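J.: To start, I am sharing the structure in question, which I have written as structure tokens.
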Amino acid sequence: GRVQRHFGSFQGHIMAESLLAMITFMNRRLGAALHAQAERRWDRSPFSSTRRLRGQVVLLLGYGAIGQHCGRLLSALGMRMHALRRDVARPSPWAERVFAPEQRLEALALADHVVCVLPGDTGTDHLLDATALSSMKSSACVYNLGRGNAIDTAALKDALTSGRIAGAFLDVVPEEPLPESSPLWSAPNVYLTPHASAISSEYLDLYFEE
């Protein structure tokens, strides 16, 4: 009902699946496996620190239609959903806790995975800035499937280079296509997709069906 009226349901499903793939990739250290494969190294050491997804906290920055699709899918795996949204009084299905914007640092400190699914208005500019990133767990990862303005990319690179956070998976960036000169290309433990989280070979068929 509410979700489908405000956002194409099929788009939300596809984006939720994209997020699940990103979280699984980061959680299971598949980036380290690909790096070792490129160097022809048989290295099992990165996997000793992995944890199952059940019980891990996902903080969704924005809990509209897209966020709720993500919440439904991830909660089915036993992940704990937290949401940060402007209107905390609105129904937030699948969310165990809901935080107001002024509680963002408290919310970030609890999360294992921080997911931006925010609109691109000026009120979300650099919501994840240096202060916000410094409040996160060192084992936490950041994901952006919303709009590129939400993350201060210079602060993100600094946090990743210093090991302040564990990694980032970005589907959107402030300037698209990402310039060759961008430091994000070489930042440690950053993975990029080209604004593709809602793309599918079935897109047009699903659009007309819905």
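A note on labels: chains of the structure tokens are A, B, ... as shown, every chain counts residues from 1, and ligands are counted from 1 in their shown order.
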For Met26 of chain A, please output as a PyMOL selection string all residues within 12 Å (counting only C-alpha atoms; exclusion window: fewer than 3 positions along the same chain).

T.: chain A and resi 19-23+29-34+46-47+49-53+112-113+139-143+166-170+189-191

J.: Pull the strand (DSSP E or B) assignments for segment 13-179 of chain A out of DSSP run on the backbone, and list those residues as a list of chain:residue names.

T.: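 Taking segment 13-179 of chain A and keeping strand (DSSP E or B) gives A:Val57, A:Val58, A:Leu59, A:Leu60, A:Leu61, A:Arg80, A:Met81, A:His82, A:Ala83, A:Leu84, A:Ala95, A:Glu96, A:Arg97, A:Val98, A:Phe99, A:His113, A:Val114, A:Val115, A:Cys116, A:Leu128, A:Cys141, A:Val142, A:Tyr143, A:Asn144, A:Ile151, A:Gly167, A:Ala168, A:Phe169, A:Leu170.
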
J.: Convert the current residue selection to file output with C-alpha atoms, as an mmCIF file, in the first residue's frame.

T.:
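Okay, this is what ended up in out-v2.cif:
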```
data_model
loop_
_atom_site.group_PDB
_atom_site.id
_atom_site.type_symbol
_atom_site.label_atom_id
_atom_site.label_comp_id
_atom_site.auth_asym_id
_atom_site.auth_seq_id
_atom_site.Cartn_x
_atom_site.Cartn_y
_atom_site.Cartn_z
ATOM 1 C CA VAL A 57 22.709 -3.968 13.025
ATOM 2 C CA VAL A 58 21.848 -2.177 9.792
ATOM 3 C CA LEU A 59 21.201 1.560 10.097
ATOM 4 C CA LEU A 60 19.143 2.852 7.190
ATOM 5 C CA LEU A 61 19.577 6.584 6.712
ATOM 6 C CA ARG A 80 18.422 -5.920 13.165
ATOM 7 C CA MET A 81 16.999 -2.839 11.466
ATOM 8 C CA HIS A 82 17.539 0.659 12.802
ATOM 9 C CA ALA A 83 16.217 3.679 10.908
ATOM 10 C CA LEU A 84 17.060 7.357 10.912
ATOM 11 C CA ALA A 95 12.627 -1.252 12.209
ATOM 12 C CA GLU A 96 13.578 -2.219 15.752
ATOM 13 C CA ARG A 97 14.575 1.355 16.606
ATOM 14 C CA VAL A 98 13.886 4.701 14.933
ATOM 15 C CA PHE A 99 16.150 7.711 15.451
ATOM 16 C CA HIS A 113 26.337 -1.432 8.346
ATOM 17 C CA VAL A 114 25.313 2.165 7.539
ATOM 18 C CA VAL A 115 23.151 2.494 4.439
ATOM 19 C CA CYS A 116 22.261 5.776 2.722
ATOM 20 C CA LEU A 128 27.980 11.462 6.734
ATOM 21 C CA CYS A 141 30.928 -0.381 6.502
ATOM 22 C CA VAL A 142 29.128 2.390 4.611
ATOM 23 C CA TYR A 143 26.860 1.905 1.595
ATOM 24 C CA ASN A 144 25.228 4.527 -0.622
ATOM 25 C CA ILE A 151 28.572 11.479 1.987
ATOM 26 C CA GLY A 167 35.003 -0.221 4.029
ATOM 27 C CA ALA A 168 32.519 1.367 1.676
ATOM 28 C CA PHE A 169 30.369 0.215 -1.233
ATOM 29 C CA LEU A 170 29.098 3.121 -3.323
#
```

J.: Mind the document's chain letters and residue numbers, and return as a list of chain:residue names the residues of segment 78-129 of chain A that DSSP labels alpha helix (DSSP H).

T.: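 Assigned to alpha helix (DSSP H), within segment 78-129 of chain A: A:Arg104, A:Leu105, A:Glu106, A:Ala107, A:Leu108, A:Ala109, A:Leu110.
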
J.: Fewer than 4 positions away in the same chain doesn't count, so skip those; otherwise give me all residues within 8 Å of segment 117-125 of chain A, counting only C-alpha atoms, as JSON, numbers by chain.

T.: {"A": [60, 61, 62, 63, 66, 67, 144, 145, 146, 147, 148, 149, 150, 151]}

J.: In Å to one decimal, how far is atom CA of Ala130 of chain A from atom CA of Ala155 of chain A?

T.: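 For atom CA of Ala155 of chain A relative to atom CA of Ala130 of chain A, the distance reads 5.1 Å.
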
J.: Restricting the calculation to only C-alpha atoms: of A:Pro179, A:Gly12, A:Pro101, A:Pro188, which residue gets closest to Ala132 of chain A?

T.: A:Pro101

J.: Restricting the calculation to only C-alpha atoms: of A:Ile165, A:Ala196, A:Ala111, A:Ala65, which residue gets closest to Ser138 of chain A?

T.: A:Ile165

J.: What separation in Å, quoted to one decimal, exists between atom CA of Ser18 of chain A and atom CA of Met79 of chain A?

T.: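 A separation of 16.0 Å between them.
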